[in-house]
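A.B. asks: What follows is coords_10.txt, compact mmCIF, C-alpha atoms.
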```txt
# COMPACT_ATOMS: atom_id res chain seq x y z
CA MET A 1 0.00 0.00 0.00
CA LYS A 2 0.99 3.63 -0.56
CA ILE A 3 0.18 5.69 2.54
CA GLY A 4 0.41 9.47 2.77
CA ILE A 5 -1.53 12.69 3.30
CA LEU A 6 -3.93 13.69 0.53
CA ASP A 7 -3.38 17.40 1.17
CA SER A 8 0.16 18.16 2.34
CA SER A 9 -1.00 21.42 3.95
CA ASN A 10 -3.41 19.57 6.26
CA ASN A 11 -3.36 16.58 8.57
CA LEU A 12 -6.38 14.94 6.96
CA PRO A 13 -7.41 12.79 5.33
CA LEU A 14 -4.82 10.05 5.37
CA LEU A 15 -4.69 8.52 1.89
CA VAL A 16 -4.31 4.78 1.35
CA GLU A 17 -3.83 3.48 -2.21
CA PRO A 18 -2.59 0.24 -3.80
CA ASP A 19 1.08 0.52 -4.72
CA THR A 20 0.48 -1.36 -7.98
CA GLN A 21 -2.42 -1.75 -10.36
CA GLY A 22 -4.20 -5.00 -11.23
CA GLU A 23 -4.89 -7.64 -8.60
CA CYS A 24 -3.85 -5.37 -5.73
CA SER A 25 -6.50 -2.79 -6.60
CA ASN A 26 -9.58 -4.74 -5.53
CA ILE A 27 -11.80 -5.07 -2.48
CA ASP A 28 -10.42 -8.47 -1.42
CA THR A 29 -6.90 -7.10 -1.19
CA LEU A 30 -8.13 -4.10 0.79
CA LEU A 31 -10.10 -6.23 3.25
CA LEU A 32 -7.16 -8.58 3.79
CA TRP A 33 -4.78 -5.68 4.38
CA TYR A 34 -7.34 -4.00 6.66
CA LYS A 35 -7.66 -7.14 8.78
CA GLU A 36 -3.90 -7.57 9.08
CA ASN A 37 -3.37 -3.90 9.95
CA SER A 38 -6.48 -3.09 12.00
CA GLN A 39 -4.58 -1.61 14.96
CA PHE A 40 -2.44 0.52 12.66
CA ILE A 41 -5.59 1.81 10.96
CA GLU A 42 -7.24 2.48 14.33
CA ASN A 43 -4.23 4.52 15.49
CA LYS A 44 -4.10 6.49 12.24
CA LEU A 45 -7.82 7.23 12.37
CA LEU A 46 -7.50 8.63 15.89
CA LEU A 47 -4.53 10.73 14.79
CA HIS A 48 -5.89 12.10 11.51
CA GLY A 49 -9.63 11.71 12.07
CA ALA A 50 -10.28 10.56 8.50
CA ILE A 51 -8.87 7.99 6.07
CA LEU A 52 -9.52 7.91 2.32
CA PHE A 53 -9.18 4.55 0.55
CA ARG A 54 -8.74 5.16 -3.17
CA GLY A 55 -8.23 2.81 -6.08
CA PHE A 56 -9.92 -0.34 -4.75
CA SER A 57 -12.99 -0.36 -7.03
CA VAL A 58 -15.59 -0.03 -4.28
CA ASN A 59 -18.11 1.20 -6.83
CA THR A 60 -21.35 -0.70 -6.12
CA MET A 61 -23.64 -0.82 -3.12
CA SER A 62 -23.02 -4.53 -2.58
CA VAL A 63 -19.23 -4.11 -2.54
CA PHE A 64 -19.53 -1.14 -0.18
CA GLU A 65 -21.86 -3.10 2.09
CA ASN A 66 -19.39 -5.97 2.14
CA PHE A 67 -16.62 -3.56 3.12
CA VAL A 68 -18.43 -1.82 5.99
CA ARG A 69 -19.89 -5.01 7.43
CA THR A 70 -16.46 -6.65 7.38
CA VAL A 71 -14.55 -3.77 8.99
CA SER A 72 -17.19 -2.47 11.42
CA GLY A 73 -19.48 -5.32 12.41
CA ASN A 74 -21.90 -2.99 14.20
CA LEU A 75 -23.84 -0.86 11.74
CA GLY A 76 -26.47 1.50 13.12
CA ASP A 77 -29.73 2.98 11.88
CA TYR A 78 -30.36 6.67 11.29
CA VAL A 79 -32.98 6.92 14.05
CA ASP A 80 -33.49 10.50 15.31
CA GLY A 81 -31.94 11.85 12.13
CA ASN A 82 -32.89 15.30 10.85
CA SER A 83 -32.00 15.15 7.16
CA PRO A 84 -33.82 13.50 4.26
CA ARG A 85 -32.19 10.32 3.01
CA THR A 86 -33.23 6.91 1.67
CA LYS A 87 -32.59 3.65 3.49
CA LEU A 88 -31.33 1.28 0.80
CA THR A 89 -30.78 -1.76 3.01
CA GLN A 90 -30.09 -2.39 6.68
CA GLY A 91 -27.33 0.04 7.67
CA ILE A 92 -26.82 1.54 4.18
CA TYR A 93 -28.29 4.94 3.26
CA THR A 94 -28.03 7.58 0.60
CA SER A 95 -26.20 10.71 1.65
CA THR A 96 -28.45 13.67 2.48
CA GLU A 97 -30.90 14.35 -0.33
CA TYR A 98 -30.92 18.14 -0.40
CA PRO A 99 -31.21 19.95 -3.74
CA ALA A 100 -27.95 19.98 -5.67
CA GLU A 101 -27.68 23.78 -5.73
CA TYR A 102 -27.42 24.05 -1.93
CA SER A 103 -24.49 23.35 0.34
CA ILE A 104 -24.75 21.44 3.63
CA SER A 105 -22.84 23.01 6.50
CA LEU A 106 -20.12 21.17 8.39
CA HIS A 107 -21.47 19.05 11.22
CA ASN A 108 -20.82 15.94 13.31
CA GLU A 109 -23.54 13.40 12.55
CA LEU A 110 -26.28 13.20 15.22
CA SER A 111 -24.24 15.32 17.65
CA TYR A 112 -27.55 16.76 18.83
CA SER A 113 -28.82 13.32 19.81
CA HIS A 114 -28.32 11.18 22.91
CA LYS A 115 -26.47 8.59 20.80
CA TRP A 116 -24.32 9.15 17.75
CA PRO A 117 -22.22 6.98 15.43
CA ASP A 118 -18.55 6.68 16.27
CA ARG A 119 -17.62 6.27 12.61
CA LEU A 120 -19.07 7.25 9.26
CA TYR A 121 -18.34 5.42 6.02
CA PHE A 122 -18.84 7.23 2.72
CA CYS A 123 -18.60 5.60 -0.70
CA CYS A 124 -18.62 7.39 -4.06
CA ILE A 125 -20.59 5.29 -6.56
CA SER A 126 -20.88 8.13 -9.06
CA ALA A 127 -19.04 11.45 -8.97
CA PRO A 128 -20.77 14.58 -10.31
CA SER A 129 -19.35 16.48 -13.26
CA ASN A 130 -18.68 19.48 -11.03
CA GLY A 131 -18.69 20.08 -7.24
CA GLY A 132 -20.39 17.75 -4.79
CA GLU A 133 -17.34 17.43 -2.55
CA THR A 134 -17.69 16.32 1.07
CA PRO A 135 -15.58 18.88 2.98
CA ILE A 136 -14.15 17.68 6.28
CA ALA A 137 -12.65 19.56 9.23
CA ASP A 138 -10.98 18.69 12.52
CA SER A 139 -13.39 19.33 15.42
CA ARG A 140 -10.45 19.67 17.81
CA LYS A 141 -9.04 22.55 15.79
CA ILE A 142 -12.46 24.20 15.46
CA LEU A 143 -12.83 24.26 19.24
CA LYS A 144 -9.35 25.74 19.71
CA SER A 145 -9.97 28.39 17.04
CA LEU A 146 -13.27 29.74 18.37
CA SER A 147 -13.42 32.87 20.52
CA PRO A 148 -13.17 32.05 24.24
CA ASN A 149 -16.44 33.89 24.95
CA ILE A 150 -18.33 31.64 22.50
CA VAL A 151 -16.84 28.49 23.99
CA GLU A 152 -17.62 29.68 27.52
CA GLU A 153 -21.24 30.58 26.78
CA PHE A 154 -21.98 27.41 24.85
CA THR A 155 -20.31 25.32 27.55
CA SER A 156 -22.28 26.87 30.40
CA LYS A 157 -25.66 27.17 28.67
CA GLN A 158 -25.55 24.14 26.35
CA VAL A 159 -27.90 23.91 23.34
CA ARG A 160 -31.64 23.34 23.12
CA TYR A 161 -32.71 21.63 19.89
CA ILE A 162 -36.32 22.11 18.81
CA ARG A 163 -38.03 20.22 15.99
CA ASN A 164 -41.53 20.19 14.56
CA LEU A 165 -41.93 16.96 12.63
CA HIS A 166 -44.88 16.74 10.28
CA SER A 167 -46.91 13.58 9.74
CA ASP A 168 -47.72 13.58 6.03
CA TYR A 169 -46.73 16.85 4.43
CA GLY A 170 -44.76 19.91 5.51
CA LEU A 171 -41.33 21.46 5.88
CA GLY A 172 -38.48 19.21 6.91
CA VAL A 173 -38.77 15.49 7.60
CA SER A 174 -41.70 13.57 9.06
CA TRP A 175 -41.66 11.96 12.49
CA GLN A 176 -42.12 8.59 10.79
CA ASP A 177 -38.91 9.03 8.79
CA THR A 178 -37.07 10.53 11.75
CA PHE A 179 -37.75 7.55 14.02
CA GLU A 180 -38.09 4.92 11.26
CA THR A 181 -41.48 3.82 12.60
CA SER A 182 -45.17 4.76 12.37
CA ASN A 183 -45.84 3.52 15.91
CA LYS A 184 -46.44 6.50 18.21
CA LEU A 185 -45.86 4.40 21.32
CA LEU A 186 -42.36 3.49 20.16
CA VAL A 187 -41.63 7.15 19.49
CA GLU A 188 -42.87 8.15 22.94
CA ASP A 189 -40.78 5.40 24.56
CA PHE A 190 -37.70 6.66 22.70
CA CYS A 191 -38.33 10.22 23.87
CA ILE A 192 -38.94 9.24 27.51
CA LYS A 193 -35.78 7.12 27.66
CA ASN A 194 -33.69 9.94 26.21
CA ASN A 195 -35.10 12.93 28.15
CA ILE A 196 -36.77 14.43 25.09
CA ASP A 197 -39.83 16.58 25.70
CA PHE A 198 -42.55 15.71 23.20
CA GLU A 199 -46.01 16.94 22.26
CA TRP A 200 -48.41 15.55 19.68
CA LYS A 201 -50.28 18.24 17.76
CA LYS A 202 -53.87 18.06 16.57
CA ASN A 203 -52.73 17.84 12.94
CA GLY A 204 -50.70 14.71 13.71
CA SER A 205 -47.33 16.42 13.83
CA LEU A 206 -44.85 16.02 16.68
CA ARG A 207 -42.93 18.71 18.54
CA ILE A 208 -39.79 17.58 20.34
CA SER A 209 -37.23 19.52 22.36
CA HIS A 210 -34.17 18.57 24.37
CA ILE A 211 -30.91 20.01 25.71
CA ARG A 212 -27.46 18.67 24.83
CA PRO A 213 -23.87 19.73 25.61
CA ALA A 214 -22.00 21.81 23.05
CA ILE A 215 -18.60 20.26 23.73
CA ALA A 216 -17.72 16.59 24.13
CA THR A 217 -14.71 14.52 25.15
CA HIS A 218 -13.55 11.76 22.84
CA PRO A 219 -13.71 8.45 24.77
CA LYS A 220 -10.46 7.09 23.33
CA THR A 221 -8.18 10.11 22.97
CA GLY A 222 -9.53 12.19 25.87
CA GLU A 223 -9.51 15.27 23.63
CA ALA A 224 -12.18 17.96 23.80
CA VAL A 225 -14.07 18.58 20.56
CA TRP A 226 -16.63 21.09 19.30
CA PHE A 227 -19.62 18.78 19.06
CA ASN A 228 -23.02 20.30 18.38
CA GLN A 229 -25.26 21.36 15.50
CA ALA A 230 -26.54 24.67 16.80
CA ASP A 231 -25.50 26.55 13.65
CA GLN A 232 -27.10 23.92 11.39
CA PHE A 233 -30.39 23.71 13.31
CA HIS A 234 -30.76 27.48 13.45
CA PRO A 235 -32.80 28.85 10.50
CA SER A 236 -29.98 31.26 9.63
CA THR A 237 -28.24 28.30 8.03
CA LEU A 238 -30.66 28.69 5.11
CA PRO A 239 -29.71 30.79 2.06
CA GLU A 240 -30.17 34.45 2.95
CA ASP A 241 -33.25 35.05 0.80
CA ILE A 242 -35.00 31.93 2.09
CA TYR A 243 -34.03 32.76 5.69
CA LYS A 244 -35.56 36.23 5.42
CA THR A 245 -38.76 34.83 3.94
CA VAL A 246 -39.05 32.11 6.59
CA MET A 247 -38.46 34.53 9.46
CA SER A 248 -41.02 36.92 8.00
CA VAL A 249 -43.63 34.17 7.76
CA PHE A 250 -42.91 32.82 11.25
CA LYS A 251 -42.33 36.16 12.95
CA GLY A 252 -43.42 35.80 16.58
CA ARG A 253 -44.00 32.07 16.00
CA GLU A 254 -40.41 30.81 15.87
CA GLU A 255 -41.42 27.79 17.97
CA GLU A 256 -43.30 26.50 14.89
CA LEU A 257 -40.22 26.35 12.66
CA SER A 258 -39.39 22.86 11.42
CA GLN A 259 -36.18 23.08 13.44
CA ASN A 260 -34.38 25.63 15.56
CA ALA A 261 -31.64 25.95 18.15
CA ARG A 262 -31.51 28.11 21.25
CA PHE A 263 -29.38 28.09 24.35
CA GLY A 264 -30.35 25.61 27.03
CA ASP A 265 -31.86 28.39 29.15
CA ASP A 266 -34.17 29.11 26.17
CA THR A 267 -32.50 32.42 25.28
CA PRO A 268 -31.72 33.03 21.58
CA ILE A 269 -28.24 32.40 20.21
CA ASN A 270 -26.65 35.56 18.84
CA LEU A 271 -26.32 35.49 15.05
CA SER A 272 -22.78 36.83 15.24
CA MET A 273 -21.80 33.76 17.26
CA LEU A 274 -23.38 31.41 14.76
CA ASN A 275 -21.64 33.19 11.88
CA GLU A 276 -18.27 32.92 13.62
CA ILE A 277 -18.83 29.21 14.19
CA ARG A 278 -19.62 28.69 10.50
CA GLU A 279 -16.66 30.78 9.35
CA THR A 280 -14.27 29.03 11.73
CA ALA A 281 -15.37 25.62 10.46
CA ARG A 282 -15.12 26.81 6.85
CA LYS A 283 -11.52 27.96 7.34
CA GLN A 284 -10.59 24.55 8.74
CA ALA A 285 -12.29 22.62 5.93
CA VAL A 286 -10.37 20.32 3.60
CA VAL A 287 -12.03 19.85 0.22
CA PHE A 288 -11.16 17.17 -2.33
CA ARG A 289 -12.85 15.86 -5.49
CA TRP A 290 -14.61 12.52 -5.23
CA GLN A 291 -13.44 9.73 -7.53
CA GLU A 292 -15.61 6.73 -8.33
CA GLY A 293 -14.80 3.90 -5.90
CA ASP A 294 -13.50 6.17 -3.11
CA VAL A 295 -14.25 5.11 0.46
CA LEU A 296 -13.87 7.67 3.23
CA ILE A 297 -13.89 6.68 6.91
CA ILE A 298 -14.45 9.45 9.45
CA ASP A 299 -14.19 9.44 13.22
CA ASN A 300 -17.47 11.26 13.79
CA MET A 301 -16.33 13.02 16.97
CA LEU A 302 -12.92 14.12 15.72
CA VAL A 303 -14.03 15.26 12.27
CA CYS A 304 -17.12 17.04 10.94
CA HIS A 305 -18.32 16.93 7.36
CA GLY A 306 -20.63 18.72 4.91
CA ARG A 307 -21.50 18.84 1.22
CA MET A 308 -20.76 21.28 -1.57
CA PRO A 309 -23.26 22.20 -4.33
CA PHE A 310 -22.90 20.15 -7.49
CA VAL A 311 -23.83 19.75 -11.14
CA GLY A 312 -24.63 16.38 -12.69
CA SER A 313 -25.41 12.99 -11.21
CA ARG A 314 -23.98 12.35 -7.74
CA LYS A 315 -24.35 9.10 -5.83
CA VAL A 316 -22.60 8.87 -2.48
CA LEU A 317 -23.66 6.20 0.00
CA VAL A 318 -23.17 6.37 3.75
CA SER A 319 -23.12 3.89 6.62
CA MET A 320 -22.69 4.42 10.35
CA SER A 321 -21.24 2.30 13.14
CA HIS A 322 -21.66 2.73 16.89
CA PHE A 323 -19.30 2.18 19.83
```
Here is the file; what I need is its structure written in the form of structure tokens.
C.D. replies:
Amino acid sequence: MKIGILDSSNNLPLLVEPDTQGECSNIDTLLLWYKENSQFIENKLLLHGAILFRGFSVNTMSVFENFVRTVSGNLGDYVDGNSPRTKLTQGIYTSTEYPAEYSISLHNELSYSHKWPDRLYFCCISAPSNGGETPIADSRKILKSLSPNIVEEFTSKQVRYIRNLHSDYGLGVSWQDTFETSNKLLVEDFCIKNNIDFEWKKNGSLRISHIRPAIATHPKTGEAVWFNQADQFHPSTLPEDIYKTVMSVFKGREEELSQNARFGDDTPINLSMLNEIRETARKQAVVFRWQEGDVLIIDNMLVCHGRMPFVGSRKVLVSMSHF
């Protein structure tokens, strides 16, 4: 294998490629090498936060599924998720299905939830003709780069996440898709077990709200990381024209927005803080072009990810594993 850094000006992602073409550039070779070097890979993932495997022809869903099931063994569902995606098979999903012209801000998957995946696995089945990159950034560096007053306020107040989940039609995702069930009792049981306040509305929609820390400690490295989605839940993450329209429509009724974020004491988060968080993450972002067959593994606490706008057909699959 050839092992190096994809972008010499950054510490991530680590790039692993076959050192020769032909028989070495297939999934069987990669899986064998992965098994024989699992501790090395674990150490490198904790150091760099992301590893890109390129040149191994992982270009179908079945091959990707074989890879993730072999190397992870503990795939999770996207229960409590807040973005639209399609479940293709158990543990394999499409990446977020937002319109191609919009970007998706950097975030750690399910960092707003009580339980999140430890690792994310991305696979590029089809690369778009232009754009569509999955930018990644080190959450340790983001935390260290933020203004001390922002870190202090978010640490002390934490973040309240608020969602209004429709039943059949409306903005955002439905509660059925969010919890991957149409059984209200199962949803209520999930909320009770995870300290989530919930309220069923007359129109069949569900309002949920809960408070989560803004900073977390990685269980293996002991490092503090910026670990929340306040800037992504807040409506100001929308394109400026859409944000202005939404806030005009919901003026005085912000609690009815499909999703929102406030401080844990229910006070609003200053827009200047949210903008600094976004800009800080953007400056730390590493962007690379997808190639068909690429597989990217991310430590979900150490590294956040997003999506750039794109032109053409883009098919990137994702899977998640839990500790």
A.B. asks: Could you pull the residues within 8 Å of Val71 of chain A, counting all atoms listed in the file, minus those fewer than 2 positions along the same chain, as JSON, numbers by chain?
C.D. replies: {"A": [31, 34, 35, 67, 68, 69, 73]}
A.B. asks: Store the residues picked out above, limited to C-alpha atoms, as a CSV table (one decimal), in the coordinates of the input.
C.D. replies:
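Saved the output as selection.csv:
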```csv
chain,number,residue,atom,x,y,z
A,31,LEU,CA,-10.1,-6.2,3.2
A,34,TYR,CA,-7.3,-4.0,6.7
A,35,LYS,CA,-7.7,-7.1,8.8
A,67,PHE,CA,-16.6,-3.6,3.1
A,68,VAL,CA,-18.4,-1.8,6.0
A,69,ARG,CA,-19.9,-5.0,7.4
A,73,GLY,CA,-19.5,-5.3,12.4
```
A.B. asks: For Asp28 of chain A, work out the shell of residues within 12 Å, counting all atoms listed in the file and skipping chain neighbours fewer than 5 positions away, then give it as a list of chain:residue names.
C.D. replies: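 Contacts, in chain order: A:Pro18, A:Glu23, A:Trp33, A:Tyr34, A:Lys35, A:Phe56, A:Ser57, A:Val58, A:Val63, A:Phe64, A:Asn66, A:Phe67, A:Thr70.
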A.B. asks: Grab the residues selected above and save them as an mmCIF file, in the coordinates of the input with C-alpha atoms.
C.D. replies:
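Produced file part19.cif, reproduced below:
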```
data_model
loop_
_atom_site.group_PDB
_atom_site.id
_atom_site.type_symbol
_atom_site.label_atom_id
_atom_site.label_comp_id
_atom_site.auth_asym_id
_atom_site.auth_seq_id
_atom_site.Cartn_x
_atom_site.Cartn_y
_atom_site.Cartn_z
ATOM 1 C CA PRO A 18 -2.590 0.240 -3.800
ATOM 2 C CA GLU A 23 -4.890 -7.640 -8.600
ATOM 3 C CA TRP A 33 -4.780 -5.680 4.380
ATOM 4 C CA TYR A 34 -7.340 -4.000 6.660
ATOM 5 C CA LYS A 35 -7.660 -7.140 8.780
ATOM 6 C CA PHE A 56 -9.920 -0.340 -4.750
ATOM 7 C CA SER A 57 -12.990 -0.360 -7.030
ATOM 8 C CA VAL A 58 -15.590 -0.030 -4.280
ATOM 9 C CA VAL A 63 -19.230 -4.110 -2.540
ATOM 10 C CA PHE A 64 -19.530 -1.140 -0.180
ATOM 11 C CA ASN A 66 -19.390 -5.970 2.140
ATOM 12 C CA PHE A 67 -16.620 -3.560 3.120
ATOM 13 C CA THR A 70 -16.460 -6.650 7.380
#
```
A.B. asks: Have a look at A:Asn82, A:Thr221, A:Ser182, A:Ser113 and name the one nearest to Leu165 of chain A; count only C-alpha atoms.
C.D. replies: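 Comparing A:Asn82, A:Thr221, A:Ser182, A:Ser113 against Leu165 of chain A, the winner is A:Asn82.
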A.B. asks: Quick one: everything within 12 Å of Phe190 of chain A, counting only C-alpha atoms, minus sequence neighbours fewer than 2 positions away in the same chain. Send it as a list of chain:residue names.
C.D. replies: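 Residues meeting the cut-off are A:Val79, A:Asp80, A:Ser113, A:His114, A:Lys115, A:Thr178, A:Phe179, A:Glu180, A:Thr181, A:Asn183, A:Lys184, A:Leu185, A:Leu186, A:Val187, A:Glu188, A:Ile192, A:Lys193, A:Asn194, A:Asn195, A:Ile196, A:Asp197, A:Phe198, A:Ile208.
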A.B. asks: Measuring between only C-alpha atoms, which one of A:Gln158, A:Thr217, A:Asn11, A:Ser313 shows the shortest distance to Leu45 of chain A?
C.D. replies: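 Ranking A:Gln158, A:Thr217, A:Asn11, A:Ser313 by distance to Leu45 of chain A, first place goes to A:Asn11.
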A.B. asks: Near Gly264 of chain A, within 6 Å and counting only C-alpha atoms, which residues show up once chain neighbours fewer than 5 positions away are dropped, as a VMD selection string?
C.D. replies: chain A and resid 157 to 160 211
A.B. asks: Of the candidates A:Ser126, A:Gln232, A:Ser38, A:Ser139, which one gets nearest to Gln291 of chain A if we count only C-alpha atoms?
C.D. replies: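 So, comparing all the options, the nearest one is A:Ser126.
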A.B. asks: With all atoms listed in the file as the atoms that count, which of A:Pro309, A:Gly222, A:Pro13, A:Gly76 lies nearest to Asp138 of chain A?
C.D. replies: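 When distances to Asp138 of chain A are compared using all atoms listed in the file, the smallest one comes from A:Pro13.
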A.B. asks: If we count all atoms listed in the file, what is near Asp118 of chain A at a cut-off of 9 Å, once residues fewer than 3 positions away on the same chain are taken out, given as an MDAnalysis selection string?
C.D. replies: chainID A and resid 298:301 320:323
A.B. asks: Compare A:Asp266, A:Glu279, A:Glu101, A:Glu17 by their minimum atom-to-atom distance to Gly131 of chain A, counting all atoms listed in the file, and give me the closest one.
C.D. replies: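 Checking each candidate against Gly131 of chain A, we get A:Glu101 as the closest.
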A.B. asks: Enter the distance from atom CA of Ile215 of chain A to atom CA of Phe227 of chain A, in Å, rounded to one decimal.
C.D. replies: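 Going from atom CA of Ile215 of chain A over to atom CA of Phe227 of chain A covers 5.0 Å.
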A.B. asks: Could you check which of A:Trp116, A:Tyr98, A:Phe154, A:Phe288 is closest to Tyr78 of chain A, using only C-alpha atoms?
C.D. replies: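 When distances to Tyr78 of chain A are compared using only C-alpha atoms, the smallest one comes from A:Trp116.
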A.B. asks: Atom CA of Gly306 of chain A and atom CA of Pro135 of chain A are how many Å apart?
C.D. replies: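 These atoms are spaced 5.4 Å apart.
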A.B. asks: Report, in Å to a single decimal, how far apart atom CA of Cys304 of chain A and atom CA of Ala285 of chain A are.
C.D. replies: 8.9 Å
A.B. asks: At a cut-off of 7 Å around the point (-31.8, 20.9, 21.5) (file coordinates), what residues fall inside when counting only C-alpha atoms? I'd like the answer as a list of chain:residue names.
C.D. replies: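 Residues close enough to count: A:Tyr112, A:Val159, A:Arg160, A:Tyr161, A:Ile162, A:Ser209, A:His210, A:Ile211, A:Arg212, A:Ala261.
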A.B. asks: As AutoDock Vina command-line options, what would the box around segment 81-91 of chain A look like: edges along x, y and z, 8 Å added on every side, centre and edge lengths in Å to one decimal?
C.D. replies:
```
--center_x -30.6 --center_y 6.5 --center_z 6.5 --size_x 22.5 --size_y 33.7 --size_z 27.3
```
A.B. asks: Using only C-alpha atoms, what residues lie at most 8 Å away from (-21.4, 19.4, -2.3) (file coordinates), given as an NGL selection string?
C.D. replies: :A and (100 or 102-104 or 131-135 or 306-310)
A.B. asks: Take segment 81-98 of chain A, bring it up to N, CA and C atoms, and give me the output as a PDB file, in the coordinates of the input.
C.D. replies:
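File result-v9.pdb, as written:
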```pdb
ATOM      1  N   GLY A  81     -32.611  11.010  13.116  1.00  0.00           N
ATOM      2  CA  GLY A  81     -31.940  11.850  12.130  1.00  0.00           C
ATOM      3  C   GLY A  81     -32.799  13.036  11.710  1.00  0.00           C
ATOM      4  N   ASN A  82     -32.154  14.084  11.223  1.00  0.00           N
ATOM      5  CA  ASN A  82     -32.890  15.300  10.850  1.00  0.00           C
ATOM      6  C   ASN A  82     -32.715  15.698   9.397  1.00  0.00           C
ATOM      7  N   SER A  83     -32.162  14.810   8.577  1.00  0.00           N
ATOM      8  CA  SER A  83     -32.000  15.150   7.160  1.00  0.00           C
ATOM      9  C   SER A  83     -32.641  14.078   6.296  1.00  0.00           C
ATOM     10  N   PRO A  84     -33.161  14.466   5.135  1.00  0.00           N
ATOM     11  CA  PRO A  84     -33.820  13.500   4.260  1.00  0.00           C
ATOM     12  C   PRO A  84     -32.807  12.590   3.567  1.00  0.00           C
ATOM     13  N   ARG A  85     -33.028  11.295   3.681  1.00  0.00           N
ATOM     14  CA  ARG A  85     -32.190  10.320   3.010  1.00  0.00           C
ATOM     15  C   ARG A  85     -32.998   9.035   2.823  1.00  0.00           C
ATOM     16  N   THR A  86     -32.534   8.155   1.957  1.00  0.00           N
ATOM     17  CA  THR A  86     -33.230   6.910   1.670  1.00  0.00           C
ATOM     18  C   THR A  86     -32.474   5.736   2.257  1.00  0.00           C
ATOM     19  N   LYS A  87     -33.196   4.867   2.960  1.00  0.00           N
ATOM     20  CA  LYS A  87     -32.590   3.650   3.490  1.00  0.00           C
ATOM     21  C   LYS A  87     -32.610   2.594   2.405  1.00  0.00           C
ATOM     22  N   LEU A  88     -31.431   2.207   1.915  1.00  0.00           N
ATOM     23  CA  LEU A  88     -31.330   1.280   0.800  1.00  0.00           C
ATOM     24  C   LEU A  88     -31.395  -0.165   1.256  1.00  0.00           C
ATOM     25  N   THR A  89     -30.751  -0.451   2.373  1.00  0.00           N
ATOM     26  CA  THR A  89     -30.780  -1.760   3.010  1.00  0.00           C
ATOM     27  C   THR A  89     -30.363  -1.540   4.454  1.00  0.00           C
ATOM     28  N   GLN A  90     -30.403  -2.570   5.272  1.00  0.00           N
ATOM     29  CA  GLN A  90     -30.090  -2.390   6.680  1.00  0.00           C
ATOM     30  C   GLN A  90     -28.686  -1.816   6.866  1.00  0.00           C
ATOM     31  N   GLY A  91     -28.622  -0.575   7.388  1.00  0.00           N
ATOM     32  CA  GLY A  91     -27.330   0.040   7.670  1.00  0.00           C
ATOM     33  C   GLY A  91     -26.718   0.806   6.519  1.00  0.00           C
ATOM     34  N   ILE A  92     -27.358   0.824   5.340  1.00  0.00           N
ATOM     35  CA  ILE A  92     -26.820   1.540   4.180  1.00  0.00           C
ATOM     36  C   ILE A  92     -27.847   2.578   3.732  1.00  0.00           C
ATOM     37  N   TYR A  93     -27.408   3.842   3.628  1.00  0.00           N
ATOM     38  CA  TYR A  93     -28.290   4.940   3.260  1.00  0.00           C
ATOM     39  C   TYR A  93     -27.688   5.754   2.131  1.00  0.00           C
ATOM     40  N   THR A  94     -28.552   6.542   1.484  1.00  0.00           N
ATOM     41  CA  THR A  94     -28.030   7.580   0.600  1.00  0.00           C
ATOM     42  C   THR A  94     -27.504   8.712   1.477  1.00  0.00           C
ATOM     43  N   SER A  95     -26.597   9.497   0.937  1.00  0.00           N
ATOM     44  CA  SER A  95     -26.200  10.710   1.650  1.00  0.00           C
ATOM     45  C   SER A  95     -27.371  11.692   1.576  1.00  0.00           C
ATOM     46  N   THR A  96     -27.320  12.747   2.354  1.00  0.00           N
ATOM     47  CA  THR A  96     -28.450  13.670   2.480  1.00  0.00           C
ATOM     48  C   THR A  96     -28.968  14.142   1.127  1.00  0.00           C
ATOM     49  N   GLU A  97     -30.276  14.050   0.951  1.00  0.00           N
ATOM     50  CA  GLU A  97     -30.900  14.350  -0.330  1.00  0.00           C
ATOM     51  C   GLU A  97     -31.443  15.776  -0.386  1.00  0.00           C
ATOM     52  N   TYR A  98     -30.557  16.749  -0.203  1.00  0.00           N
ATOM     53  CA  TYR A  98     -30.920  18.140  -0.400  1.00  0.00           C
ATOM     54  C   TYR A  98     -30.694  18.518  -1.858  1.00  0.00           C
TER      55      TYR A  98
END
```
